[in-house]
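Student: Structure file target02.txt, compact mmCIF, C-alpha atoms and all ligand atoms, is pasted below:
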```txt
# COMPACT_ATOMS: atom_id res chain seq x y z
CA MET R 112 0.00 0.00 0.00
CA THR R 113 1.71 3.20 -1.13
CA PRO R 114 1.81 6.20 1.24
CA SER R 115 -0.63 8.13 -0.94
CA ALA R 116 -3.01 5.16 -1.08
CA ALA R 117 -2.77 4.80 2.70
CA LEU R 118 -3.53 8.50 3.18
CA ALA R 119 -6.56 8.28 0.87
CA ALA R 120 -7.82 5.16 2.66
CA ALA R 121 -7.31 6.94 5.99
CA ARG R 122 -9.36 9.90 4.78
CA GLN R 123 -12.17 7.57 3.77
CA LEU R 124 -11.97 5.78 7.13
CA LEU R 125 -12.29 9.07 9.04
CA ASP R 126 -15.17 10.22 6.83
CA ARG R 127 -16.93 6.90 7.41
CA SER R 128 -16.39 7.23 11.16
CA ASP R 129 -18.17 10.59 10.97
CA GLU R 130 -20.97 9.01 8.97
CA LEU R 131 -21.45 6.18 11.47
CA ALA R 132 -21.45 8.68 14.35
CA ARG R 133 -24.56 10.31 12.90
CA HIS R 134 -26.48 7.21 14.03
CA THR R 135 -27.05 7.87 17.74
CA ASP R 136 -29.69 7.20 20.41
CA VAL R 137 -29.16 10.73 21.81
CA PRO R 138 -29.00 13.73 19.43
CA GLY R 139 -25.90 15.86 19.99
CA GLU R 140 -23.74 13.02 21.30
CA LEU R 141 -22.65 9.52 20.21
CA THR R 142 -24.52 6.82 22.10
CA CYS R 143 -25.06 3.67 20.02
CA THR R 144 -26.50 1.08 22.36
CA TYR R 145 -26.86 -2.56 21.42
CA LEU R 146 -29.89 -3.30 19.17
CA GLY R 147 -31.29 0.24 19.41
CA PRO R 148 -32.37 1.99 16.17
CA ALA R 149 -28.93 3.62 15.75
CA HIS R 150 -27.19 0.29 16.24
CA LEU R 151 -29.36 -1.42 13.60
CA ALA R 152 -28.65 1.44 11.16
CA VAL R 153 -24.90 1.12 11.69
CA ALA R 154 -25.07 -2.63 10.98
CA ARG R 155 -26.85 -1.97 7.68
CA GLN R 156 -24.31 0.71 6.74
CA LEU R 157 -21.34 -1.55 7.48
CA ALA R 158 -22.87 -4.41 5.46
CA HIS R 159 -23.39 -1.98 2.57
CA TRP R 160 -19.76 -0.78 2.66
CA MET R 161 -18.54 -4.39 2.80
CA GLY R 162 -20.58 -5.17 -0.29
CA GLN R 163 -19.08 -2.15 -2.08
CA ALA R 164 -15.51 -3.04 -0.99
CA GLY R 165 -15.44 -6.36 -2.87
CA PHE R 166 -16.14 -8.93 -0.16
CA ASP R 167 -17.34 -12.26 -1.61
CA SER R 168 -20.05 -12.64 1.04
CA VAL R 169 -21.55 -10.55 3.86
CA ARG R 170 -23.81 -11.80 6.64
CA ILE R 171 -25.48 -10.37 9.75
CA ASP R 172 -25.92 -13.05 12.42
CA ALA R 173 -28.50 -13.50 15.20
CA LEU R 174 -26.64 -11.23 17.61
CA GLY R 175 -25.99 -8.54 15.00
CA ASN R 176 -22.36 -9.33 14.15
CA VAL R 177 -21.69 -8.17 10.58
CA ALA R 178 -19.16 -10.53 8.95
CA GLY R 179 -17.67 -10.06 5.49
CA ARG R 180 -15.56 -12.75 3.88
CA TYR R 181 -12.87 -12.20 1.21
CA ARG R 182 -11.88 -15.49 -0.36
CA GLY R 183 -8.25 -16.59 -0.48
CA ARG R 184 -6.42 -18.56 -3.14
CA ALA R 185 -7.05 -21.88 -1.41
CA ALA R 186 -9.40 -24.12 -3.37
CA ALA R 187 -12.92 -22.78 -3.00
CA GLY R 188 -15.00 -24.56 -0.38
CA ARG R 189 -12.04 -26.05 1.51
CA GLN R 190 -12.52 -25.69 5.27
CA ALA R 191 -9.13 -24.05 5.60
CA PRO R 192 -8.27 -21.88 8.61
CA CYS R 193 -8.87 -18.23 7.80
CA LEU R 194 -7.53 -14.89 9.00
CA VAL R 195 -9.95 -12.73 10.96
CA THR R 196 -9.86 -9.07 11.93
CA GLY R 197 -12.46 -6.75 13.40
CA SER R 198 -13.72 -4.93 16.45
CA HIS R 199 -17.02 -3.71 17.91
CA TYR R 200 -19.52 -1.11 16.68
CA ASP R 201 -21.52 -0.41 19.84
CA THR R 202 -20.38 2.55 21.94
CA VAL R 203 -20.42 3.73 25.54
CA ARG R 204 -22.81 6.56 26.39
CA ASN R 205 -21.57 9.87 24.96
CA GLY R 206 -18.55 8.07 23.55
CA GLY R 207 -16.01 8.64 20.81
CA LYS R 208 -16.18 7.89 17.09
CA TYR R 209 -13.17 5.57 16.83
CA ASP R 210 -13.38 3.10 19.76
CA GLY R 211 -14.08 -0.20 17.97
CA ARG R 212 -15.17 1.32 14.68
CA LEU R 213 -11.64 2.16 13.57
CA GLY R 214 -10.75 -1.56 13.60
CA ILE R 215 -13.80 -2.52 11.54
CA LEU R 216 -13.26 0.23 8.97
CA ALA R 217 -9.54 -0.62 8.77
CA GLY R 218 -10.44 -4.23 7.93
CA ILE R 219 -12.83 -3.05 5.22
CA ALA R 220 -10.12 -0.72 3.85
CA LEU R 221 -7.63 -3.61 3.64
CA VAL R 222 -10.07 -5.77 1.67
CA GLN R 223 -10.97 -2.81 -0.55
CA ALA R 224 -7.26 -2.35 -1.35
CA LEU R 225 -6.84 -6.08 -2.07
CA SER R 226 -9.93 -6.15 -4.26
CA GLU R 227 -9.01 -2.99 -6.21
CA ALA R 228 -5.54 -4.45 -6.85
CA GLY R 229 -7.07 -7.78 -7.90
CA LEU R 230 -5.09 -9.54 -5.17
CA ARG R 231 -6.03 -12.69 -3.26
CA LEU R 232 -4.31 -13.81 -0.06
CA ARG R 233 -3.46 -17.47 0.62
CA HIS R 234 -6.04 -17.47 3.41
CA ASP R 235 -9.62 -16.31 3.37
CA LEU R 236 -9.87 -13.04 5.31
CA GLU R 237 -12.97 -12.42 7.42
CA VAL R 238 -13.72 -8.90 8.74
CA VAL R 239 -16.17 -8.92 11.66
CA ALA R 240 -18.04 -5.98 13.13
CA PHE R 241 -18.87 -7.33 16.58
CA ALA R 242 -22.28 -6.17 17.73
CA GLU R 243 -21.70 -5.60 21.43
CA GLU R 244 -18.51 -5.19 23.50
CA GLU R 245 -19.15 -2.36 25.96
CA GLY R 246 -21.83 -3.96 28.12
CA VAL R 247 -23.86 -0.73 28.34
CA ARG R 248 -27.37 -2.17 27.86
CA PHE R 249 -27.22 -5.60 29.50
CA GLY R 250 -24.20 -5.27 31.81
CA SER R 251 -22.25 -8.14 30.32
CA THR R 252 -19.70 -7.42 27.61
CA PHE R 253 -18.30 -9.23 24.56
CA LEU R 254 -21.75 -10.54 23.54
CA GLY R 255 -20.81 -10.40 19.83
CA SER R 256 -17.31 -11.84 20.02
CA SER R 257 -18.30 -14.51 22.55
CA ALA R 258 -20.95 -15.79 20.11
CA TYR R 259 -18.48 -15.64 17.22
CA ALA R 260 -15.91 -17.51 19.34
CA GLY R 261 -18.54 -20.18 20.08
CA CYS R 262 -18.63 -19.51 23.84
CA PHE R 263 -21.80 -17.44 24.24
CA ASP R 264 -23.39 -17.91 27.67
CA THR R 265 -27.09 -18.58 26.90
CA ALA R 266 -28.00 -17.65 30.50
CA LEU R 267 -27.38 -14.05 29.36
CA LEU R 268 -30.53 -14.24 27.23
CA ASP R 269 -32.49 -13.69 30.47
CA ARG R 270 -30.42 -10.62 31.42
CA ARG R 271 -32.70 -7.52 31.57
CA ASP R 272 -31.96 -3.94 30.57
CA ALA R 273 -33.07 -0.84 32.53
CA GLN R 274 -36.54 -1.08 30.92
CA GLY R 275 -36.94 -4.74 31.90
CA THR R 276 -36.47 -6.09 28.36
CA THR R 277 -34.52 -9.33 28.22
CA LEU R 278 -31.67 -9.88 25.76
CA ALA R 279 -33.77 -12.59 24.08
CA GLN R 280 -36.69 -10.17 23.65
CA ALA R 281 -34.37 -7.48 22.25
CA ILE R 282 -33.00 -9.94 19.67
CA VAL R 283 -36.54 -10.93 18.61
CA GLN R 284 -37.58 -7.24 18.45
CA ALA R 285 -34.62 -6.73 16.07
CA GLY R 286 -36.14 -9.39 13.83
CA ARG R 287 -33.62 -12.10 14.65
CA ASP R 288 -33.79 -15.53 16.30
CA PRO R 289 -32.02 -16.13 19.65
CA GLN R 290 -32.02 -19.85 18.84
CA ALA R 291 -29.75 -19.12 15.86
CA ILE R 292 -26.94 -17.71 18.04
CA ALA R 293 -25.01 -20.98 17.79
CA GLN R 294 -24.73 -20.40 14.04
CA ALA R 295 -22.90 -17.13 14.77
CA ALA R 296 -19.82 -19.11 15.64
CA ALA R 297 -16.68 -18.60 13.61
CA PRO R 298 -16.11 -20.41 10.31
CA PRO R 299 -15.87 -24.20 10.69
CA GLY R 300 -12.33 -24.32 9.27
CA GLY R 301 -11.04 -22.45 12.29
CA ILE R 302 -9.00 -19.30 12.59
CA ALA R 303 -5.29 -19.12 11.75
CA HIS R 304 -4.88 -15.72 13.38
CA TYR R 305 -7.11 -12.94 14.76
CA PHE R 306 -5.78 -9.38 14.73
CA GLU R 307 -7.45 -6.20 15.95
CA ILE R 308 -6.54 -2.61 15.15
CA HIS R 309 -7.77 -0.29 17.92
CA ILE R 310 -7.13 3.21 19.26
CA GLU R 311 -4.89 3.09 22.33
CA GLN R 312 -7.44 4.96 24.49
CA GLY R 313 -4.59 6.33 26.57
CA PRO R 314 -1.57 8.70 26.49
CA VAL R 315 1.36 6.28 26.11
CA LEU R 316 1.93 6.52 22.32
CA LEU R 317 1.47 10.30 22.55
CA ASP R 318 4.15 10.38 25.22
CA LEU R 319 6.45 8.19 23.08
CA ASP R 320 5.63 10.25 19.99
CA ALA R 321 4.81 7.05 18.10
CA PRO R 322 1.85 6.73 15.69
CA VAL R 323 1.33 3.01 16.36
CA GLY R 324 2.33 0.37 18.89
CA VAL R 325 2.24 -3.40 19.34
CA VAL R 326 0.08 -4.81 22.14
CA GLY R 327 1.90 -7.38 24.32
CA ALA R 328 -1.03 -8.31 26.57
CA ILE R 329 -4.57 -7.21 27.43
CA ALA R 330 -5.45 -6.61 31.07
CA GLY R 331 -8.06 -8.93 32.56
CA SER R 332 -11.08 -7.37 34.23
CA VAL R 333 -13.79 -8.19 36.74
CA ARG R 334 -16.99 -6.16 36.79
CA ARG R 335 -19.55 -6.26 39.62
CA ARG R 336 -22.69 -4.46 40.66
CA LEU R 337 -23.13 -3.93 44.44
CA ARG R 338 -26.57 -3.24 45.95
CA LEU R 339 -26.38 -1.72 49.44
CA ALA R 340 -29.52 -1.77 51.60
CA GLY R 341 -29.64 0.35 54.79
CA GLN R 342 -32.64 2.23 56.17
CA ALA R 343 -34.39 5.18 54.59
CA GLY R 344 -35.62 7.83 57.02
CA HIS R 345 -36.41 11.46 57.64
CA ALA R 346 -33.36 13.68 57.01
CA GLY R 347 -34.45 16.13 59.70
CA THR R 348 -35.58 13.96 62.59
CA THR R 349 -33.19 10.97 62.52
CA PRO R 350 -30.08 11.51 64.72
CA MET R 351 -26.77 10.78 62.91
CA ARG R 352 -25.83 7.96 65.31
CA LEU R 353 -29.06 6.06 64.52
CA ARG R 354 -28.70 6.08 60.74
CA ARG R 355 -27.99 3.19 58.35
CA ASP R 356 -27.13 5.36 55.39
CA ALA R 357 -26.50 3.25 52.22
CA ALA R 358 -24.92 6.13 50.28
CA CYS R 359 -22.34 6.83 52.99
CA ALA R 360 -21.43 3.14 52.98
CA ALA R 361 -21.02 3.35 49.18
CA ALA R 362 -18.84 6.42 49.52
CA GLU R 363 -16.49 4.63 51.93
CA ILE R 364 -16.29 1.67 49.55
CA ALA R 365 -15.55 3.89 46.52
CA LEU R 366 -12.72 5.65 48.37
CA TYR R 367 -11.29 2.31 49.44
CA VAL R 368 -11.31 1.03 45.84
CA GLU R 369 -9.36 4.13 44.86
CA SER R 370 -6.77 3.77 47.63
CA ARG R 371 -6.34 -0.01 47.33
CA CYS R 372 -5.91 0.02 43.56
CA GLY R 373 -3.72 3.11 43.70
CA ALA R 374 -1.36 1.28 46.01
CA GLN R 375 -0.02 -1.11 43.36
CA GLN R 376 1.49 -0.49 39.91
CA GLY R 377 -0.50 -2.04 37.06
CA LEU R 378 -3.76 -2.24 39.01
CA VAL R 379 -6.77 -0.03 38.27
CA GLY R 380 -10.15 0.14 40.00
CA THR R 381 -13.15 2.23 39.06
CA VAL R 382 -16.59 2.93 40.50
CA GLY R 383 -18.19 4.20 37.29
CA GLN R 384 -21.81 4.15 38.43
CA LEU R 385 -23.08 5.16 41.88
CA GLU R 386 -26.73 5.97 42.40
CA VAL R 387 -29.48 6.31 45.00
CA PRO R 388 -32.56 4.89 43.24
CA GLY R 389 -35.55 7.24 43.78
CA GLY R 390 -33.54 9.38 46.18
CA SER R 391 -34.83 12.67 47.66
CA VAL R 392 -33.02 15.62 49.18
CA ASN R 393 -34.74 15.13 52.55
CA VAL R 394 -34.61 11.32 52.79
CA ILE R 395 -31.70 9.31 54.19
CA PRO R 396 -30.62 6.90 51.36
CA GLY R 397 -31.96 3.47 52.22
CA LEU R 398 -30.67 1.98 48.96
CA CYS R 399 -27.52 2.66 46.92
CA THR R 400 -26.13 0.76 43.93
CA LEU R 401 -22.55 1.03 42.67
CA SER R 402 -20.50 -0.63 39.95
CA LEU R 403 -17.01 -2.02 40.37
CA ASP R 404 -14.44 -2.49 37.59
CA VAL R 405 -11.03 -3.89 38.66
CA ARG R 406 -8.28 -4.70 36.13
CA ALA R 407 -4.67 -5.81 35.88
CA ALA R 408 -2.47 -7.53 33.30
CA ASP R 409 -1.88 -10.14 36.04
CA ASP R 410 -5.05 -11.95 37.15
CA LYS R 411 -3.54 -12.83 40.57
CA LEU R 412 -2.78 -9.16 41.29
CA ARG R 413 -6.34 -8.24 40.33
CA ASP R 414 -7.95 -11.03 42.38
CA ALA R 415 -5.91 -10.14 45.48
CA ALA R 416 -7.20 -6.57 45.24
CA LEU R 417 -10.76 -7.86 44.81
CA ALA R 418 -10.42 -10.00 47.96
CA ASP R 419 -9.30 -6.94 49.93
CA ILE R 420 -12.19 -4.90 48.55
CA GLU R 421 -14.68 -7.63 49.50
CA ALA R 422 -13.27 -7.70 53.06
CA HIS R 423 -13.55 -3.93 53.31
CA VAL R 424 -17.14 -3.98 52.02
CA ALA R 425 -18.03 -6.53 54.72
CA GLN R 426 -16.39 -4.42 57.41
CA VAL R 427 -18.13 -1.17 56.33
CA CYS R 428 -21.52 -2.90 56.07
CA ALA R 429 -21.20 -4.57 59.47
CA ARG R 430 -20.27 -1.28 61.13
CA ARG R 431 -23.08 0.63 59.44
CA GLY R 432 -25.80 -2.02 59.66
CA VAL R 433 -26.06 -2.15 55.84
CA GLN R 434 -26.68 -5.29 53.76
CA CYS R 435 -24.69 -5.84 50.56
CA ARG R 436 -25.70 -7.97 47.57
CA ALA R 437 -22.98 -8.35 44.91
CA GLU R 438 -23.60 -9.53 41.33
CA GLU R 439 -20.62 -10.45 39.14
CA LEU R 440 -21.24 -9.14 35.61
CA LEU R 441 -17.98 -10.08 33.94
CA ARG R 442 -14.78 -12.00 34.62
CA ALA R 443 -12.42 -11.72 31.63
CA PRO R 444 -8.95 -13.23 32.16
CA ALA R 445 -5.90 -11.29 31.00
CA ALA R 446 -4.95 -12.30 27.45
CA ALA R 447 -1.39 -12.61 26.13
CA CYS R 448 -0.82 -11.70 22.48
CA ASP R 449 0.74 -14.33 20.19
CA PRO R 450 4.55 -13.83 20.03
CA ALA R 451 4.66 -14.54 16.26
CA GLY R 452 1.87 -12.03 15.73
CA GLN R 453 3.68 -9.44 17.83
CA ALA R 454 6.87 -10.03 15.84
CA ALA R 455 4.96 -9.65 12.58
CA TRP R 456 3.54 -6.30 13.75
CA ALA R 457 6.99 -5.16 14.92
CA GLY R 458 8.50 -6.03 11.53
CA ALA R 459 5.66 -4.27 9.70
CA ILE R 460 6.08 -1.13 11.85
CA ALA R 461 9.85 -1.09 11.33
CA ALA R 462 9.32 -1.52 7.58
CA GLN R 463 7.44 1.82 7.63
CA GLY R 464 10.51 3.44 9.19
CA LEU R 465 8.59 3.92 12.45
CA PRO R 466 9.79 3.29 16.03
CA VAL R 467 8.56 0.00 17.50
CA HIS R 468 7.00 0.07 20.97
CA THR R 469 5.12 -2.68 22.79
CA LEU R 470 2.55 -1.82 25.45
CA VAL R 471 -0.05 -3.46 27.66
CA SER R 472 -3.70 -2.70 27.01
CA GLY R 473 -5.55 -1.49 30.09
CA ALA R 474 -8.74 -1.49 28.02
CA GLY R 475 -10.58 -4.70 27.25
CA HIS R 476 -11.06 -5.76 23.63
CA ASP R 477 -12.87 -8.40 21.60
CA ALA R 478 -9.43 -9.94 21.06
CA MET R 479 -9.67 -11.24 24.67
CA MET R 480 -12.64 -13.38 23.67
CA MET R 481 -11.04 -14.40 20.36
CA ALA R 482 -7.98 -15.59 22.31
CA ARG R 483 -10.10 -18.60 23.27
CA VAL R 484 -10.15 -19.86 19.64
CA ALA R 485 -7.13 -18.36 17.90
CA PRO R 486 -3.72 -16.76 18.33
CA ILE R 487 -4.37 -13.01 18.71
CA SER R 488 -2.46 -9.82 18.10
CA MET R 489 -3.29 -6.11 18.24
CA LEU R 490 -2.03 -2.86 16.81
CA PHE R 491 -2.69 0.34 18.77
CA VAL R 492 -3.16 3.68 17.04
CA ARG R 493 -2.17 6.88 18.84
CA CYS R 494 -5.00 8.98 20.30
CA GLY R 495 -4.86 12.77 20.25
CA ALA R 496 -6.35 15.17 22.84
CA GLY R 497 -4.17 13.77 25.61
CA GLY R 498 -5.22 10.20 24.80
CA ILE R 499 -8.78 10.68 26.01
CA SER R 500 -11.33 7.99 25.12
CA HIS R 501 -14.87 6.92 26.05
CA HIS R 502 -15.47 10.62 25.51
CA PRO R 503 -16.59 12.84 22.61
CA GLN R 504 -13.11 14.39 22.40
CA GLU R 505 -11.64 11.01 21.35
CA THR R 506 -9.59 11.70 18.22
CA VAL R 507 -7.01 10.27 15.80
CA SER R 508 -5.08 11.93 12.97
CA GLN R 509 -5.27 11.03 9.29
CA ALA R 510 -1.49 10.58 9.23
CA ASP R 511 -1.58 8.09 12.12
CA VAL R 512 -4.46 6.15 10.59
CA ALA R 513 -2.52 6.05 7.30
CA ALA R 514 0.53 4.74 9.17
CA ALA R 515 -1.68 2.07 10.78
CA LEU R 516 -3.16 1.00 7.44
CA ALA R 517 0.24 0.81 5.70
CA THR R 518 1.56 -1.18 8.68
CA ALA R 519 -1.48 -3.48 8.64
CA TRP R 520 -1.03 -4.08 4.90
CA ALA R 521 2.55 -5.26 5.50
CA PHE R 522 1.46 -7.29 8.56
CA LEU R 523 -1.34 -8.97 6.64
CA HIS R 524 0.96 -10.21 3.91
CA GLU R 525 3.47 -11.42 6.49
CA VAL R 526 0.91 -13.30 8.59
CA ASP R 527 -0.72 -14.68 5.43
CA GLY R 528 2.38 -16.10 3.92
CA GLY R 529 5.16 -15.68 6.43
CA PRO R 530 6.78 -18.48 8.49
CA GLY R 531 4.31 -17.85 11.32
CA ALA R 532 1.25 -18.68 9.25
CA PRO R 533 0.05 -22.32 9.07
CA ALA R 534 -0.27 -23.89 5.65
CA CYS R 535 -3.81 -23.81 4.33
O1 LIG E 1 -14.04 -1.00 29.03
C1 LIG E 1 -13.20 -1.32 28.22
O2 LIG E 1 -12.08 -1.60 28.56
C2 LIG E 1 -13.53 -1.37 26.76
O3 LIG E 1 -13.37 -0.10 26.22
N1 LIG E 1 -14.86 -1.86 26.56
MN MN E 2 -14.66 0.99 24.76
MN MN E 3 -13.13 -0.79 22.21
```
Transcribe the structure of this file into structure tokens.
Ligand code: HGY
Ligand code: MN
Ligand code: MN
Tutor:
Amino acid sequence: MTPSAALAAARQLLDRSDELARHTDVPGELTCTYLGPAHLAVARQLAHWMGQAGFDSVRIDALGNVAGRYRGRAAAGRQAPCLVTGSHYDTVRNGGKYDGRLGILAGIALVQALSEAGLRLRHDLEVVAFAEEEGVRFGSTFLGSSAYAGCFDTALLDRRDAQGTTLAQAIVQAGRDPQAIAQAAAPPGGIAHYFEIHIEQGPVLLDLDAPVGVVGAIAGSVRRRLRLAGQAGHAGTTPMRLRRDAACAAAEIALYVESRCGAQQGLVGTVGQLEVPGGSVNVIPGLCTLSLDVRAADDKLRDAALADIEAHVAQVCARRGVQCRAEELLRAPAAACDPAGQAAWAGAIAAQGLPVHTLVSGAGHDAMMMARVAPISMLFVRCGAGGISHHPQETVSQADVAAALATAWAFLHEVDGGPGAPAC
């Protein structure tokens, strides 16, 4: 891919990101929640662009994954292992335009370049737009990639959203069949390698002044929802010493999460949601719910912090006369990236004349789920605006996206035919 072709493809990718961002549940911001009207419109748009780009087949499965396949040179119909790339197209609330979508549009751009050049790889290449990774609507994440990896937890079909709609009902309302989820699984021939191109969502590449970076490992995460039940009461007549205030218990817990996770390098802990359902100014909070998100590249480090947090929650609740009910929403183990894949990315980056850096991903990615069925690798793209993400100021530059596409083009040909790729 020549530099000018990479720049043009990067321009198209950024324009398409803008176009996808027009589909939102909330005017004036980007919120594209799983199976809402905006989400369904984005799926149709991605399928349309895949059709235009020269894919040999495009399908939308029961969960809403949009998968395009570009045939390789292997004899047609052989169940040979294929190469897969992709990312997710749902967003957080009031999110950015590139989280997930950049990886999907980069995959489409690579196939478009192959098709326009009349080139066929040895392997089939499948580009997958995973339908749900953020966990905004139903709490659990990786719904799309877990189905594609053949490890979808059918118990999640009973999970309810804030309106009481189950996941199964939402799938039916979208005109699809929850019973067909098993068919969403990856191609029967298996996957030779899964790679994901994603914005870094942090400041490290900015700090290193590097447009792209290789991911060495993806931090594992545990997500929980805690429900604290104390005693509601009159804010004016109840003496402080007689209160069982659920919000004050939550506040102590949130501060402990911050101090415990701040005490160790490589550990992060976040209370992203904290609310008093139906609260009033003049009523002592009898109920308070809070979310917990604890991550580390080392699962043992993370689980030790979780054990300490659990012990602290028990101590705070006992002292305050508050009951706690905890629900685990997600437990995703840390995922190591394939050494051969990392080496192929490093060689492709160096071939562009760029510095090679390897970093750990603090953010979770669909690649963690794909690690269950294939060797995985990731390329990070530098974020501007201080590295901010999960925020409308999330941004990337055309030059950095062009560098990522040119690097990915070199990587793709290496992993397709290089020593690291299995015969097909
Ligand atoms: O939360 C995450 O790490 C990812 O952006 N879903
Ligand atoms: Mn995200
Ligand atoms: Mn993401």
Student: Fewer than 5 positions away in the same chain doesn't count, so skip those; otherwise give me all residues within 6 Å of Arg338 of chain R, counting all atoms listed in the file, as a list in words.
Tutor: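 Neighbouring residues, sequence-local ones excluded: Thr400, Cys435 and Arg436 of chain R.
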Student: Which residues are near ligand LIG 1 (chain E) - at most 12 Å, using only C-alpha atoms and all ligand atoms? Format: as a compact mmCIF listing (two decimals) with C-alpha atoms, in the coordinates of the input.
Tutor:
```
# COMPACT_ATOMS: atom_id res chain seq x y z
CA SER R 198 -13.72 -4.93 16.45
CA HIS R 199 -17.02 -3.71 17.91
CA TYR R 200 -19.52 -1.11 16.68
CA ASP R 201 -21.52 -0.41 19.84
CA THR R 202 -20.38 2.55 21.94
CA VAL R 203 -20.42 3.73 25.54
CA ARG R 204 -22.81 6.56 26.39
CA GLY R 206 -18.55 8.07 23.55
CA GLY R 207 -16.01 8.64 20.81
CA TYR R 209 -13.17 5.57 16.83
CA ASP R 210 -13.38 3.10 19.76
CA GLY R 211 -14.08 -0.20 17.97
CA ARG R 212 -15.17 1.32 14.68
CA GLU R 243 -21.70 -5.60 21.43
CA GLU R 244 -18.51 -5.19 23.50
CA GLU R 245 -19.15 -2.36 25.96
CA GLY R 246 -21.83 -3.96 28.12
CA VAL R 247 -23.86 -0.73 28.34
CA GLY R 250 -24.20 -5.27 31.81
CA SER R 251 -22.25 -8.14 30.32
CA THR R 252 -19.70 -7.42 27.61
CA PHE R 253 -18.30 -9.23 24.56
CA LEU R 254 -21.75 -10.54 23.54
CA HIS R 309 -7.77 -0.29 17.92
CA ILE R 310 -7.13 3.21 19.26
CA GLU R 311 -4.89 3.09 22.33
CA GLN R 312 -7.44 4.96 24.49
CA GLY R 313 -4.59 6.33 26.57
CA ILE R 329 -4.57 -7.21 27.43
CA ALA R 330 -5.45 -6.61 31.07
CA GLY R 331 -8.06 -8.93 32.56
CA SER R 332 -11.08 -7.37 34.23
CA VAL R 333 -13.79 -8.19 36.74
CA ARG R 334 -16.99 -6.16 36.79
CA VAL R 379 -6.77 -0.03 38.27
CA GLY R 380 -10.15 0.14 40.00
CA THR R 381 -13.15 2.23 39.06
CA GLY R 383 -18.19 4.20 37.29
CA LEU R 403 -17.01 -2.02 40.37
CA ASP R 404 -14.44 -2.49 37.59
CA VAL R 405 -11.03 -3.89 38.66
CA ARG R 406 -8.28 -4.70 36.13
CA ALA R 407 -4.67 -5.81 35.88
CA LEU R 441 -17.98 -10.08 33.94
CA ALA R 443 -12.42 -11.72 31.63
CA ALA R 445 -5.90 -11.29 31.00
CA SER R 472 -3.70 -2.70 27.01
CA GLY R 473 -5.55 -1.49 30.09
CA ALA R 474 -8.74 -1.49 28.02
CA GLY R 475 -10.58 -4.70 27.25
CA HIS R 476 -11.06 -5.76 23.63
CA ASP R 477 -12.87 -8.40 21.60
CA ALA R 478 -9.43 -9.94 21.06
CA MET R 479 -9.67 -11.24 24.67
CA ILE R 499 -8.78 10.68 26.01
CA SER R 500 -11.33 7.99 25.12
CA HIS R 501 -14.87 6.92 26.05
CA HIS R 502 -15.47 10.62 25.51
```
Student: Just how far from atom CA of Cys399 of chain R is atom CA of Arg336 of chain R, in Å to one decimal?
Tutor: 10.6 Å
Student: Could you tell me how far atom CA of Gly432 of chain R sits from atom CA of Ala340 of chain R, in Å to one decimal place?
Tutor: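 According to the coordinates, atom CA of Ala340 of chain R and atom CA of Gly432 of chain R are separated by 8.9 Å.
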Student: Using only C-alpha atoms, which protein or nucleic acid residues come within 6 Å of Gln384 of chain R? Drop anything in the same chain fewer than 2 positions from it, and give the result as a PDB file with C-alpha atoms, in the frame of the given file.
Tutor:
```pdb
ATOM      1  CA  VAL R 382     -16.590   2.930  40.500  1.00  0.00           C
ATOM      2  CA  LEU R 401     -22.550   1.030  42.670  1.00  0.00           C
ATOM      3  CA  SER R 402     -20.500  -0.630  39.950  1.00  0.00           C
TER       4      SER R 402
END
```
Student: Emit as AutoDock Vina command-line options the padded axis-aligned box for all listed atoms of segment 276-282 of chain R, 4 Å per side, with centre and edge lengths in Å to one decimal.
Tutor:
```
--center_x -34.2 --center_y -9.3 --center_z 24.0 --size_x 13.0 --size_y 14.5 --size_z 16.7
```
Student: In Å, how far is it from atom CA of Phe491 of chain R to atom CA of Ala296 of chain R?
Tutor: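 Going from atom CA of Phe491 of chain R over to atom CA of Ala296 of chain R covers 26.1 Å.
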Student: Just checking: using all atoms listed in the file, which residue out of R:Ala519, R:Ile420, R:Val153, R:Val484 ends up closest to Ala462 of chain R?
Tutor: R:Ala519
Student: Need the shell around Leu339 of chain R: protein/DNA/RNA residues with any atom at most 10 Å away, counting all atoms listed in the file. Skip same-chain ones fewer than 4 positions apart. Format as a list in words?
Tutor: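 Near neighbours after the sequence-gap exclusion: Asp356, Ala357, Ala358, Ala360, Ala361, Val387, Pro396, Gly397, Leu398, Cys399, Thr400, Leu401, Val424, Cys428, Val433, Gln434, Cys435, Arg436 and Ala437 of chain R.
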Student: Could you name the residues that touch Cys448 of chain R at 10 Å or less, counting all atoms listed in the file, but leaving out those on the same chain fewer than 4 positions away, as a PyMOL selection string?
Tutor: chain R and resi 306+325-329+452-453+471+478-479+482+486-489
Student: Have a look at R:Lys208, R:Arg287, R:His345, R:Arg233 and name the one nearest to ligand MN 3 (chain E); count only C-alpha atoms and all ligand atoms.
Tutor: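 Of R:Lys208, R:Arg287, R:His345, R:Arg233, the one nearest ligand MN 3 (chain E), counting only C-alpha atoms and all ligand atoms, is R:Lys208.
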Student: Using all atoms listed in the file, can you tell me which of R:Tyr259, R:Phe249, R:Tyr305, R:Phe241 comes closest to ligand MN 3 (chain E)?
Tutor: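 Under the stated criterion, the closest residue is R:Phe241.
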Student: Using all atoms listed in the file for the distances, tell me which of R:Leu267, R:Leu213, R:Leu319, R:Val283 is nearest to ligand MN 2 (chain E).
Tutor: R:Leu213
Student: Give me, as number ranges by chain, all polymer residues having an atom no more than 12 Å from Ser508 of chain R, counting all atoms listed in the file and skipping those fewer than 5 positions away in the same chain.
Tutor: R: 118, 121-122, 124-126, 209, 213, 310, 317, 322-323, 492-496, 498, 513-515
